[in-house]
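Enquirer: Handing over my_file19.txt, compact mmCIF, C-alpha atoms.
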# COMPACT_ATOMS: atom_id res chain seq x y z
CA MET A 49 23.16 -8.74 9.50
CA THR A 50 19.43 -8.22 8.94
CA ASP A 51 17.89 -5.30 7.08
CA ALA A 52 16.74 -3.87 10.40
CA GLN A 53 20.23 -4.11 11.87
CA GLU A 54 21.79 -2.57 8.76
CA THR A 55 19.17 0.16 8.77
CA ALA A 56 19.91 0.89 12.42
CA ALA A 57 23.63 1.19 11.61
CA ASP A 58 23.01 3.78 8.88
CA THR A 59 22.18 7.16 10.40
CA THR A 60 21.20 8.57 7.00
CA LEU A 61 18.00 6.51 7.06
CA ARG A 62 16.46 8.04 10.16
CA THR A 63 16.21 11.29 12.01
CA THR A 64 17.94 10.19 15.23
CA GLY A 65 20.92 7.94 16.02
CA GLY A 66 20.90 4.43 17.43
CA GLY A 67 19.10 1.22 16.47
CA PRO A 68 15.54 0.16 17.11
CA PRO A 69 14.68 0.96 20.73
CA ASP A 70 14.49 -1.94 23.17
CA ASP A 71 11.30 -0.39 24.51
CA VAL A 72 8.98 -0.10 21.50
CA ASP A 73 6.76 2.26 23.49
CA SER A 74 9.43 4.95 23.05
CA ALA A 75 9.47 7.20 20.01
CA PRO A 76 9.76 5.20 16.76
CA ILE A 77 12.58 5.94 14.33
CA PRO A 78 11.28 7.28 11.00
CA LEU A 79 12.53 5.51 7.89
CA LEU A 80 13.37 8.12 5.29
CA GLU A 81 15.02 6.17 2.45
CA PRO A 82 15.35 2.55 1.29
CA ARG A 83 18.76 1.19 2.28
CA GLU A 84 20.10 0.93 -1.28
CA GLY A 85 18.11 3.94 -2.49
CA ILE A 86 15.07 3.84 -4.76
CA PRO A 87 15.64 1.15 -7.40
CA PRO A 88 14.76 1.89 -11.03
CA VAL A 89 11.33 0.70 -12.14
CA VAL A 90 11.56 -2.48 -14.20
CA ALA A 91 9.36 -2.03 -17.27
CA ASP A 92 10.89 -4.08 -20.08
CA ALA A 93 11.89 -7.68 -20.80
CA ALA A 94 15.66 -7.14 -20.51
CA ALA A 95 15.43 -5.47 -17.10
CA LEU A 96 13.00 -8.13 -15.92
CA GLU A 97 15.43 -10.86 -16.96
CA ARG A 98 18.12 -9.30 -14.78
CA VAL A 99 15.75 -9.14 -11.81
CA VAL A 100 14.73 -12.77 -12.30
CA ALA A 101 18.39 -13.84 -12.25
CA ALA A 102 19.12 -11.76 -9.14
CA PHE A 103 16.18 -13.09 -7.17
CA ALA A 104 16.84 -16.67 -8.25
CA ALA A 105 20.36 -16.28 -6.84
CA GLY A 106 19.13 -14.65 -3.62
CA THR A 107 18.61 -16.47 -0.36
CA GLY A 108 15.90 -16.76 2.27
CA PRO A 109 12.30 -15.51 2.20
CA VAL A 110 11.03 -13.06 -0.40
CA ALA A 111 9.14 -9.98 0.73
CA VAL A 112 6.33 -9.27 -1.75
CA ASP A 113 3.83 -6.41 -2.05
CA ALA A 114 1.57 -5.04 -4.78
CA GLU A 115 -0.07 -1.68 -5.37
CA ARG A 116 -3.46 -1.39 -7.09
CA ALA A 117 -5.50 1.58 -8.29
CA SER A 118 -8.69 0.91 -6.36
CA GLY A 119 -11.16 3.73 -6.78
CA TYR A 120 -9.47 4.89 -9.98
CA ARG A 121 -9.37 1.95 -12.42
CA TYR A 122 -11.69 -0.93 -13.23
CA GLY A 123 -10.90 -4.14 -11.37
CA GLN A 124 -8.10 -4.92 -8.94
CA ARG A 125 -5.09 -5.43 -11.21
CA ALA A 126 -1.59 -4.70 -9.92
CA TYR A 127 0.13 -1.52 -11.14
CA LEU A 128 3.35 -2.00 -9.19
CA VAL A 129 4.95 -5.07 -7.64
CA GLN A 130 7.65 -4.75 -5.00
CA LEU A 131 10.01 -7.53 -3.93
CA ARG A 132 13.01 -7.80 -1.63
CA ARG A 133 15.31 -10.71 -0.91
CA ALA A 134 18.69 -11.14 0.74
CA GLY A 135 21.37 -11.05 -1.93
CA ALA A 136 19.04 -9.47 -4.48
CA GLY A 137 17.99 -6.21 -2.85
CA THR A 138 14.71 -4.51 -3.73
CA ALA A 139 12.96 -4.56 -7.10
CA LEU A 140 10.08 -2.39 -8.29
CA ILE A 141 8.31 -3.91 -11.30
CA ASP A 142 5.74 -2.28 -13.57
CA PRO A 143 3.16 -4.94 -14.54
CA VAL A 144 1.92 -2.69 -17.33
CA GLY A 145 5.27 -2.90 -19.10
CA CYS A 146 5.86 -6.47 -17.87
CA PRO A 147 2.41 -8.09 -17.78
CA ASP A 148 3.74 -11.65 -17.45
CA LEU A 149 5.82 -12.23 -14.32
CA SER A 150 5.58 -16.02 -14.39
CA SER A 151 9.36 -16.29 -14.90
CA LEU A 152 9.91 -14.30 -11.71
CA GLY A 153 7.31 -16.36 -9.89
CA ALA A 154 9.09 -19.53 -10.98
CA ALA A 155 12.48 -18.14 -9.90
CA VAL A 156 11.30 -17.70 -6.31
CA SER A 157 8.81 -20.58 -6.22
CA GLY A 158 10.92 -22.52 -3.73
CA ALA A 159 11.11 -19.62 -1.28
CA GLU A 160 8.66 -18.57 1.37
CA TRP A 161 6.84 -15.39 0.36
CA VAL A 162 6.26 -12.79 3.05
CA LEU A 163 3.17 -10.64 2.49
CA HIS A 164 1.08 -8.35 4.65
CA ALA A 165 -2.64 -9.13 4.32
CA ALA A 166 -1.89 -11.79 1.71
CA THR A 167 -5.50 -12.36 0.61
CA GLN A 168 -5.66 -8.78 -0.68
CA ASP A 169 -2.63 -9.10 -2.96
CA LEU A 170 -2.72 -12.73 -4.06
CA PRO A 171 -5.55 -12.31 -6.63
CA CYS A 172 -3.76 -9.54 -8.55
CA LEU A 173 -0.42 -11.34 -8.28
CA ARG A 174 -2.00 -14.53 -9.61
CA GLU A 175 -3.23 -12.59 -12.66
CA ILE A 176 0.37 -11.79 -13.66
CA GLY A 177 1.76 -15.27 -13.05
CA MET A 178 2.93 -15.09 -9.44
CA THR A 179 1.57 -17.65 -6.97
CA PRO A 180 3.43 -18.73 -3.82
CA ALA A 181 3.80 -22.33 -2.72
CA THR A 182 4.39 -21.25 0.87
CA LEU A 183 3.82 -17.90 2.55
CA PHE A 184 3.98 -15.98 5.81
CA ASP A 185 1.28 -13.36 6.35
CA THR A 186 2.51 -10.72 8.79
CA GLU A 187 -0.97 -9.23 9.30
CA LEU A 188 -2.51 -12.58 10.16
CA ALA A 189 0.48 -13.40 12.34
CA GLY A 190 -0.17 -10.18 14.24
CA ARG A 191 -3.82 -11.11 14.75
CA LEU A 192 -2.95 -14.55 16.06
CA ALA A 193 -0.30 -13.06 18.35
CA GLY A 194 -2.85 -10.69 19.86
CA PHE A 195 -1.72 -7.31 18.51
CA ALA A 196 -4.47 -4.71 18.70
CA ARG A 197 -3.31 -2.86 15.55
CA VAL A 198 -2.20 -5.02 12.63
CA GLY A 199 -1.69 -2.54 9.77
CA LEU A 200 1.82 -2.71 8.32
CA GLY A 201 2.83 0.67 9.70
CA ALA A 202 1.58 -0.15 13.19
CA MET A 203 3.24 -3.57 13.17
CA VAL A 204 6.62 -2.26 12.01
CA GLU A 205 6.43 0.45 14.66
CA ASN A 206 5.30 -1.77 17.54
CA VAL A 207 7.51 -4.74 16.75
CA LEU A 208 10.65 -3.22 15.19
CA GLY A 209 10.55 0.35 16.46
CA TYR A 210 10.48 2.07 13.07
CA ALA A 211 7.92 4.45 11.55
CA LEU A 212 6.88 3.95 7.93
CA GLU A 213 5.47 6.87 5.95
CA LYS A 214 1.97 5.76 4.87
CA GLY A 215 0.72 8.82 2.99
CA HIS A 216 0.55 7.23 -0.47
CA SER A 217 -1.49 4.09 0.18
CA ALA A 218 -4.62 5.36 -1.61
CA VAL A 219 -3.07 7.15 -4.60
CA ASP A 220 -3.70 6.29 -8.25
CA TRP A 221 -0.95 3.74 -8.88
CA SER A 222 -1.86 3.59 -12.58
CA THR A 223 -0.20 7.02 -12.95
CA ARG A 224 2.80 7.00 -15.29
CA PRO A 225 5.50 7.89 -14.61
CA LEU A 226 5.15 7.13 -10.91
CA PRO A 227 6.39 10.06 -8.78
CA GLU A 228 9.57 9.48 -6.81
CA PRO A 229 7.90 9.88 -3.37
CA TRP A 230 5.46 7.10 -4.29
CA LEU A 231 8.30 4.83 -5.35
CA ARG A 232 10.15 5.55 -2.11
CA TYR A 233 7.02 4.62 -0.16
CA ALA A 234 6.61 1.43 -2.20
CA ALA A 235 10.23 0.35 -1.67
CA LEU A 236 10.01 0.98 2.07
CA ASP A 237 6.95 -1.25 2.30
CA VAL A 238 9.16 -4.31 1.71
CA GLU A 239 12.30 -2.95 3.38
CA LEU A 240 11.71 -4.57 6.77
CA LEU A 241 9.02 -7.11 5.93
CA VAL A 242 11.30 -10.12 6.43
CA ASP A 243 12.54 -8.69 9.74
CA LEU A 244 8.93 -8.29 10.83
CA ARG A 245 8.27 -11.88 9.79
CA ASP A 246 11.20 -13.15 11.88
CA ALA A 247 10.13 -11.20 14.96
CA LEU A 248 6.53 -12.38 14.67
CA GLU A 249 7.59 -15.97 14.17
CA ALA A 250 9.58 -15.76 17.42
CA GLU A 251 6.61 -14.24 19.24
CA LEU A 252 4.19 -16.86 17.92
CA ASP A 253 6.62 -19.58 18.98
CA ARG A 254 6.88 -18.04 22.46
CA GLN A 255 3.07 -18.09 22.75
CA GLY A 256 2.81 -21.67 21.45
CA LYS A 257 0.90 -20.52 18.36
CA LEU A 258 3.47 -21.01 15.60
CA GLU A 259 1.96 -24.26 14.34
CA TRP A 260 -1.47 -22.59 14.31
CA ALA A 261 -0.08 -19.81 12.11
CA ARG A 262 1.58 -22.30 9.77
CA GLN A 263 -1.75 -24.06 9.25
CA GLU A 264 -3.43 -20.73 8.49
CA PHE A 265 -0.72 -19.73 6.01
CA ALA A 266 -0.91 -23.11 4.29
CA ALA A 267 -4.69 -22.73 3.94
CA ILE A 268 -4.28 -19.31 2.30
CA ALA A 269 -1.64 -20.59 -0.13
CA ALA A 270 -3.77 -23.60 -1.08
CA ALA A 271 -7.06 -21.73 -1.45
CA PRO A 272 -8.43 -21.64 -5.01
CA PRO A 273 -9.39 -18.34 -6.63
CA ALA A 274 -12.70 -17.00 -5.35
CA PRO A 275 -15.59 -17.74 -7.74
CA PRO A 276 -17.41 -14.77 -9.32
CA ARG A 277 -20.06 -13.28 -7.06
CA LYS A 278 -23.64 -14.18 -7.88
CA ASP A 279 -25.78 -11.11 -8.56
CA PRO A 280 -23.04 -8.59 -7.67
CA TRP A 281 -25.50 -5.73 -8.23
CA ARG A 282 -27.12 -6.68 -4.94
CA ARG A 283 -24.05 -5.30 -3.16
CA THR A 284 -24.82 -1.76 -4.32
CA SER A 285 -24.39 0.56 -1.35
CA GLY A 286 -27.80 1.62 -0.05
CA MET A 287 -29.53 -1.46 -1.46
CA HIS A 288 -31.34 -1.96 1.86
CA LYS A 289 -33.59 0.98 0.93
CA VAL A 290 -34.83 -0.80 -2.21
CA ARG A 291 -37.88 -2.88 -1.29
CA ARG A 292 -39.95 -3.39 -4.44
CA ARG A 293 -39.00 -5.87 -7.13
CA ARG A 294 -39.43 -3.32 -9.94
CA GLN A 295 -37.04 -1.00 -8.16
CA MET A 296 -34.60 -3.88 -7.78
CA ALA A 297 -34.78 -4.41 -11.54
CA VAL A 298 -33.76 -0.78 -12.03
CA VAL A 299 -30.75 -1.24 -9.76
CA ARG A 300 -29.79 -4.37 -11.68
CA GLU A 301 -30.06 -2.67 -15.08
CA LEU A 302 -28.24 0.52 -14.07
CA TRP A 303 -25.50 -1.49 -12.33
CA THR A 304 -25.02 -3.66 -15.42
CA VAL A 305 -24.77 -0.69 -17.80
CA ARG A 306 -22.40 1.09 -15.44
CA ASP A 307 -20.19 -1.99 -15.15
CA HIS A 308 -20.00 -2.32 -18.94
CA LEU A 309 -19.04 1.35 -19.36
CA ALA A 310 -16.49 1.20 -16.53
CA ARG A 311 -14.85 -1.89 -17.97
CA ARG A 312 -14.71 -0.34 -21.45
CA ARG A 313 -13.22 2.91 -20.15
CA ASP A 314 -11.01 1.18 -17.54
CA VAL A 315 -12.22 3.40 -14.73
CA SER A 316 -13.71 2.67 -11.33
CA PRO A 317 -17.48 2.11 -11.63
CA GLY A 318 -18.05 4.81 -9.03
CA LYS A 319 -16.51 7.36 -11.39
CA VAL A 320 -19.13 6.47 -14.03
CA LEU A 321 -22.14 6.65 -11.71
CA GLY A 322 -22.28 6.55 -7.94
CA ASP A 323 -24.16 3.91 -5.97
CA ALA A 324 -26.26 6.64 -4.36
CA ALA A 325 -27.45 7.81 -7.79
CA ILE A 326 -28.41 4.25 -8.78
CA VAL A 327 -30.47 3.77 -5.63
CA GLU A 328 -32.03 7.23 -5.98
CA ALA A 329 -33.16 6.46 -9.54
CA ALA A 330 -34.53 3.07 -8.47
CA LEU A 331 -36.61 4.62 -5.71
CA ALA A 332 -37.89 7.48 -7.89
CA LEU A 333 -38.55 5.42 -11.04
CA PRO A 334 -38.37 8.51 -13.34
CA THR A 335 -40.35 8.23 -16.57
CA ASP A 336 -38.30 10.60 -18.71
CA VAL A 337 -34.95 12.33 -19.00
CA ARG A 338 -36.22 15.52 -17.42
CA ALA A 339 -37.39 13.75 -14.29
CA LEU A 340 -34.13 11.80 -14.11
CA GLY A 341 -32.03 14.96 -14.45
CA ALA A 342 -33.90 16.50 -11.53
CA LEU A 343 -32.51 13.84 -9.19
CA SER A 344 -29.50 15.03 -7.20
CA GLY A 345 -27.28 12.17 -8.36
CA PHE A 346 -27.79 13.13 -12.01
CA GLY A 347 -27.63 16.92 -11.82
CA ARG A 348 -24.29 17.25 -13.66
CA VAL A 349 -24.81 14.46 -16.19
CA SER A 350 -24.85 15.37 -19.88
CA ARG A 351 -28.01 15.01 -21.97
CA LYS A 352 -26.54 12.06 -23.88
CA GLN A 353 -25.64 10.26 -20.67
CA LEU A 354 -29.06 10.98 -19.19
CA GLU A 355 -30.65 9.37 -22.21
CA GLN A 356 -28.42 6.34 -21.73
CA TRP A 357 -29.40 5.95 -18.08
CA GLN A 358 -33.08 6.60 -18.81
CA ALA A 359 -33.02 3.88 -21.47
CA ALA A 360 -31.73 1.45 -18.84
CA ILE A 361 -34.53 2.48 -16.47
CA ASP A 362 -37.10 2.05 -19.24
CA ARG A 363 -35.83 -1.47 -19.92
CA ALA A 364 -36.22 -2.31 -16.25
CA ARG A 365 -39.74 -0.89 -16.27
CA ALA A 366 -40.59 -3.19 -19.19
CA VAL A 367 -39.36 -6.43 -17.57
CA PRO A 368 -42.26 -8.90 -17.24
CA GLU A 369 -43.47 -9.43 -13.69
CA ALA A 370 -42.35 -13.05 -13.68
CA GLU A 371 -38.77 -12.07 -14.55
CA LEU A 372 -38.30 -9.45 -11.85
CA PRO A 373 -35.57 -10.22 -9.31
CA GLN A 374 -36.63 -11.76 -6.04
CA PRO A 375 -35.89 -10.04 -2.72
CA GLY A 376 -32.75 -11.33 -1.06
CA GLN A 377 -30.45 -14.02 -2.37
CA PRO A 378 -30.95 -17.78 -2.30
CA LEU A 379 -29.53 -19.06 0.96
CA THR A 380 -26.79 -21.67 0.82
CA GLY A 381 -26.58 -21.97 4.59
CA PRO A 382 -28.41 -20.99 7.77
CA PRO A 383 -30.81 -18.02 7.74
CA PRO A 384 -29.69 -14.70 9.21
CA PRO A 385 -29.26 -15.05 13.00
CA ARG A 386 -31.91 -12.40 13.67
CA ALA A 387 -34.52 -14.84 12.32
CA TRP A 388 -33.44 -17.80 14.42
CA ALA A 389 -35.52 -17.03 17.52
CA GLU A 390 -38.69 -17.24 15.44
CA LYS A 391 -37.70 -20.06 13.09
CA ASP A 392 -35.92 -22.33 15.57
CA PRO A 393 -35.67 -21.17 19.22
CA ALA A 394 -33.50 -24.18 20.14
CA ALA A 395 -30.98 -23.27 17.42
CA ALA A 396 -31.00 -19.66 18.65
CA ALA A 397 -30.16 -20.87 22.16
CA ARG A 398 -27.32 -23.02 20.80
CA LEU A 399 -25.94 -20.11 18.83
CA SER A 400 -26.00 -17.80 21.83
CA ALA A 401 -24.17 -20.33 23.98
CA ALA A 402 -21.64 -21.20 21.28
CA ARG A 403 -20.86 -17.58 20.48
CA ALA A 404 -20.26 -16.82 24.15
CA ALA A 405 -18.01 -19.86 24.52
CA VAL A 406 -15.90 -19.05 21.45
CA SER A 407 -15.67 -15.39 22.47
CA GLU A 408 -14.44 -16.30 25.96
CA LEU A 409 -11.87 -18.73 24.55
CA ALA A 410 -10.64 -16.17 22.02
CA GLU A 411 -10.15 -13.68 24.83
CA ARG A 412 -8.12 -16.21 26.80
CA LEU A 413 -6.00 -16.93 23.72
CA THR A 414 -5.63 -13.18 22.97
CA MET A 415 -6.85 -13.27 19.38
CA PRO A 416 -9.90 -12.05 17.47
CA GLN A 417 -12.88 -14.38 17.71
CA GLU A 418 -13.16 -14.67 13.91
CA ASN A 419 -9.59 -15.96 13.68
CA LEU A 420 -10.25 -18.62 16.27
CA LEU A 421 -13.30 -19.86 14.38
CA THR A 422 -15.24 -18.09 11.63
CA PRO A 423 -18.73 -16.87 12.58
CA ASP A 424 -20.12 -18.75 9.57
CA THR A 425 -18.71 -22.04 10.88
CA VAL A 426 -20.25 -21.43 14.31
CA ARG A 427 -23.64 -20.65 12.72
CA ARG A 428 -23.61 -23.75 10.53
CA LEU A 429 -22.71 -25.98 13.47
CA CYS A 430 -25.49 -24.54 15.63
CA TRP A 431 -28.13 -24.62 12.90
CA GLU A 432 -27.49 -28.26 12.04
CA PRO A 433 -25.64 -29.83 14.99
CA PRO A 434 -24.73 -33.52 15.07
CA ARG A 435 -27.52 -35.80 16.28
CA THR A 436 -25.35 -36.87 19.16
CA VAL A 437 -23.15 -34.12 20.52
CA THR A 438 -19.79 -35.80 21.09
CA PRO A 439 -16.28 -34.39 20.64
CA GLU A 440 -15.78 -36.65 17.63
CA ALA A 441 -19.01 -35.58 15.95
CA VAL A 442 -18.40 -31.87 16.55
CA ALA A 443 -14.81 -32.13 15.33
CA GLU A 444 -15.99 -33.90 12.17
CA LEU A 445 -18.53 -31.18 11.43
CA LEU A 446 -15.99 -28.41 12.02
CA ALA A 447 -13.57 -30.08 9.63
CA ALA A 448 -16.32 -30.40 7.01
CA HIS A 449 -16.90 -26.65 7.26
CA GLY A 450 -13.20 -25.90 6.64
CA ALA A 451 -11.86 -25.42 10.17
CA ARG A 452 -8.13 -26.09 10.50
CA PRO A 453 -6.85 -28.82 12.88
CA TRP A 454 -5.67 -26.29 15.47
CA GLN A 455 -9.06 -24.58 15.48
CA ILE A 456 -10.83 -27.91 15.91
CA GLU A 457 -8.53 -28.89 18.77
CA GLN A 458 -9.04 -25.60 20.60
CA THR A 459 -12.77 -25.07 20.09
CA THR A 460 -14.27 -28.56 20.16
CA PRO A 461 -14.30 -28.90 23.98
CA VAL A 462 -16.00 -25.54 24.58
CA LEU A 463 -18.48 -26.06 21.72
CA VAL A 464 -19.47 -29.52 22.98
CA LYS A 465 -20.13 -28.03 26.40
CA ALA A 466 -22.06 -25.08 24.95
CA LEU A 467 -24.27 -27.28 22.74
CA ALA A 468 -24.97 -29.68 25.57
CA THR A 469 -25.85 -26.83 27.96
CA ALA A 470 -28.19 -25.19 25.44
CA GLY A 471 -29.93 -28.51 24.89
Now, as a test, write the supplied structure out as structure tokens.
Expert:
Amino acid sequence: MTDAQETAADTTLRTTGGGPPDDVDSAPIPLLEPREGIPPVVADAAALERVVAAFAAGTGPVAVDAERASGYRYGQRAYLVQLRRAGAGTALIDPVGCPDLSSLGAAVSGAEWVLHAATQDLPCLREIGMTPATLFDTELAGRLAGFARVGLGAMVENVLGYALEKGHSAVDWSTRPLPEPWLRYAALDVELLVDLRDALEAELDRQGKLEWARQEFAAIAAAPPAPPRKDPWRRTSGMHKVRRRRQMAVVRELWTVRDHLARRRDVSPGKVLGDAAIVEAALALPTDVRALGALSGFGRVSRKQLEQWQAAIDRARAVPEAELPQPGQPLTGPPPPRAWAEKDPAAAARLSAARAAVSELAERLTMPQENLLTPDTVRRLCWEPPRTVTPEAVAELLAAHGARPWQIEQTTPVLVKALATAG
């Protein structure tokens, strides 16, 4: 009996009787409690050892989720890890008390991991020693299957007929001890994840897309960690307002100081100084603490802090002209599409035709265009197409840009036609 079937048989877990409705358009059944209750939080080596043994002895896929403290703490580390497996039940693990979960990762290394929006959780799981060999991403599966809403709550409701309480998704998970309602929410997040996986696998198989999904999941599992961003200060919100190089130097210096302070204090950078304040100071270029304090973003900052920020601005003002940052970032691919018509009208025509062709095909296949083929791949193909537009040449280029075999098979015919038509 699956978790969903067992949940349906237990009237204490919902507000109305009966199992998941056959018609998922009818009222969903609220889940009120995890089936076995809220498990104790694992926060020491002895308790972790027991969990490792239980999950090693379990069977089938492992539902995995992680909670971070985005907006509260520095970085994206995990502050709670939730797992569920048949024969093992649900485990809630505190990575603060148990910072090395490599033994648990090894215990379930041979199982398929079921995650929702896997690319969001894999980096923080990797940091604590947990990396799957194979996975099933229920959010991506929903996209490929053509669901309009692919959040976990929406998917569980639309596919299984249950309503998950989602009120604690943005709380500060670094809080200790974690309140019971938060732990209940966290346990419920993995309660039906394997059931959702099974239902989506059946739907993908019915649509003839299961092999496509498997290729996507394999690509996620095999992907290396993302490299550090170059010049991350350029992503400051409101950066588009900053035009002059000297002003850009101020943004860079303030961002760097803020990042250092946030890391040292282990708080979100936005809690040290907001992006809006950084941009405001860059545009105003204040020459002293009094002028800086008059800016709206600095009105409640202490004198000592004002002096710290003003010192950063002064350093930026003193940077030699030759060392000022350049506008924009060095391009590693095609220029922005808005510039194509002027730089290369023929490429612009190819891009327009290719985009329309991929969009139409995605609509026929009932999936988002970006999941059929990434916009970056389409741009690169159109900017530097093969000298002779043949199916073999287009397929080779798509593969070189990271397209999966199923994507190449589906899009090559329409792209060849689009490129040939655009000349």
Enquirer: Of the candidates A:Gln458, A:Gln358, A:Thr304, A:Thr422, which one gets nearest to Leu409 in chain A if we count all atoms listed in the file?
Expert: A:Gln458
Enquirer: Please tabulate, as a Markdown table, the residues of range 306-326 of chain A that come within 10 Å of range 268-284 of chain A, each with its closest pair of atoms and the distance in Å to one decimal, counting only C-alpha atoms and ordering rows by chain, then residue number upward.
Expert:
| residue | atom | partner | partner_atom | distance |
| --- | --- | --- | --- | --- |
| A:Asp307 | CA | A:Trp281 | CA | 9.5 |
| A:Gly322 | CA | A:Thr284 | CA | 9.4 |
| A:Asp323 | CA | A:Thr284 | CA | 5.9 |
| A:Ala324 | CA | A:Thr284 | CA | 8.5 |
| A:Ile326 | CA | A:Thr284 | CA | 8.3 |
Enquirer: Kindly indicate which residue among A:Met203, A:Val305, A:Leu429, A:Leu192 lies nearest to Ala410 in chain A, using all atoms listed in the file for the distances.
Expert: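 For Ala410 in chain A, the nearest of the given residues is A:Leu192.
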Enquirer: To one decimal place in Å, what is the distance between CA of Gly123 in chain A and CA of Ser217 in chain A?
Expert: 17.0 Å
Enquirer: State, in Å with one decimal place, the distance from CA of Ala394 in chain A to CA of Asp424 in chain A.
Expert: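 Separation of CA of Ala394 in chain A and CA of Asp424 in chain A: 17.9 Å.
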Enquirer: Each residue of range 150-189 of chain A lying at most 12 Å from range 252-260 of chain A should get a row with its shortest atom-to-atom pair and the distance in Å to one decimal, counting only C-alpha atoms; could you produce that, ordered by chain and increasing number, as a Markdown table?
Expert:
| residue | atom | partner | partner_atom | distance |
| --- | --- | --- | --- | --- |
| A:Phe184 | CA | A:Leu258 | CA | 11.0 |
| A:Thr186 | CA | A:Leu252 | CA | 11.1 |
| A:Leu188 | CA | A:Trp260 | CA | 10.9 |
| A:Ala189 | CA | A:Leu252 | CA | 7.5 |
Enquirer: Mind writing the picked residues with C-alpha atoms as a PDB file, in the frame of the given file?
Expert:
ATOM      1  CA  PHE A 184       3.980 -15.980   5.810  1.00  0.00           C
ATOM      2  CA  THR A 186       2.510 -10.720   8.790  1.00  0.00           C
ATOM      3  CA  LEU A 188      -2.510 -12.580  10.160  1.00  0.00           C
ATOM      4  CA  ALA A 189       0.480 -13.400  12.340  1.00  0.00           C
TER       5      ALA A 189
END
Enquirer: Calculated over only C-alpha atoms, which of the candidates A:Leu309, A:Leu96, A:Ala193, A:Ala101 has the smallest distance to Pro147 in chain A?
Expert: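 Once distances to Pro147 in chain A are computed over only C-alpha atoms, the minimum belongs to A:Leu96.
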Enquirer: Give me, as a VMD selection string, all polymer residues having an atom no more than 8 Å from Leu200 in chain A, counting all atoms listed in the file and skipping those fewer than 3 positions away in the same chain.
Expert: chain A and resid 164 187 203 to 204
Enquirer: Can you write just those residues out, C-alpha atoms, as an mmCIF file, in the coordinates of the input?
Expert:
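As a result, selection-v9.cif now contains:
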data_model
loop_
_atom_site.group_PDB
_atom_site.id
_atom_site.type_symbol
_atom_site.label_atom_id
_atom_site.label_comp_id
_atom_site.auth_asym_id
_atom_site.auth_seq_id
_atom_site.Cartn_x
_atom_site.Cartn_y
_atom_site.Cartn_z
ATOM 1 C CA HIS A 164 1.080 -8.350 4.650
ATOM 2 C CA GLU A 187 -0.970 -9.230 9.300
ATOM 3 C CA MET A 203 3.240 -3.570 13.170
ATOM 4 C CA VAL A 204 6.620 -2.260 12.010
#
Enquirer: One decimal, in Å: what's the spacing between CA of Ala136 in chain A and CA of Ala234 in chain A?
Expert: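 Taking CA of Ala136 in chain A and CA of Ala234 in chain A, their separation equals 16.7 Å.
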Enquirer: From the list A:Pro180, A:Gly119, A:Pro227, A:Pro143, which residue is nearest Ile86 in chain A when using all atoms listed in the file?
Expert: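 Looking at the shortest contact to Ile86 in chain A, the residue is A:Pro227.
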Enquirer: Which residue, A:Glu355, A:Glu432, A:Glu440, A:Glu390, has the smallest gap to Ala339 in chain A when you use only C-alpha atoms?
Expert: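 Nearest to Ala339 in chain A: A:Glu355.
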Enquirer: Enclose all atoms of range 360-368 of chain A listed in the file in an axis-aligned box, grow every side by 4 Å, and hand back centre and edge lengths in Å to one decimal, as JSON.
Expert:
{"center_x": -37.0, "center_y": -3.2, "center_z": -18.1, "size_x": 18.5, "size_y": 19.4, "size_z": 11.7}
Enquirer: Of the candidates A:Arg398, A:His216, A:Arg232, A:Arg412, which shows the shortest atom-to-atom distance to Pro88 in chain A, using all atoms listed in the file?
Expert: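 Of all the options, A:Arg232 lies closest to Pro88 in chain A.
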Enquirer: Would you mind listing what lies within 8 Å of Thr460 in chain A as a PyMOL selection string, with only C-alpha atoms counted and same-chain residues fewer than 4 positions away left out?
Expert: chain A and resi 439+442-443+456+464
Enquirer: For Ala181 in chain A, work out the shell of residues within 9 Å, counting all atoms listed in the file and skipping chain neighbours fewer than 3 positions away, then give it as a PyMOL selection string.
Expert: chain A and resi 157-161+266+269-270
Enquirer: Could you give me, as a list of chain:residue names, the residues within 9 Å of range 167-173 of chain A, counting only C-alpha atoms and dropping anything in the same chain fewer than 4 positions from it?
Expert: A:Asp113, A:Ala114, A:Glu115, A:Arg116, A:Gln124, A:Arg125, A:Ala126, A:Val129, A:Leu149, A:Leu163, A:Gly177, A:Met178, A:Thr179, A:Pro180, A:Asp185, A:Ile268, A:Ala269, A:Pro273, A:Ala274
Enquirer: Complete the atom set of range 180-185 of chain A to N, CA and C atoms and return it as a CSV table (one decimal), in the coordinates of the input.
Expert:
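Result saved to part16.csv:
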chain,number,residue,atom,x,y,z
A,180,PRO,N,2.5,-18.1,-4.7
A,180,PRO,CA,3.4,-18.7,-3.8
A,180,PRO,C,3.0,-20.2,-3.5
A,181,ALA,N,4.0,-21.0,-3.2
A,181,ALA,CA,3.8,-22.3,-2.7
A,181,ALA,C,3.7,-22.3,-1.2
A,182,THR,N,4.5,-21.4,-0.6
A,182,THR,CA,4.4,-21.2,0.9
A,182,THR,C,4.5,-19.8,1.2
A,183,LEU,N,3.8,-19.3,2.2
A,183,LEU,CA,3.8,-17.9,2.6
A,183,LEU,C,3.8,-17.7,4.1
A,184,PHE,N,4.1,-16.5,4.4
A,184,PHE,CA,4.0,-16.0,5.8
A,184,PHE,C,3.3,-14.6,5.7
A,185,ASP,N,2.1,-14.6,6.4
A,185,ASP,CA,1.3,-13.4,6.4
A,185,ASP,C,1.5,-12.6,7.7
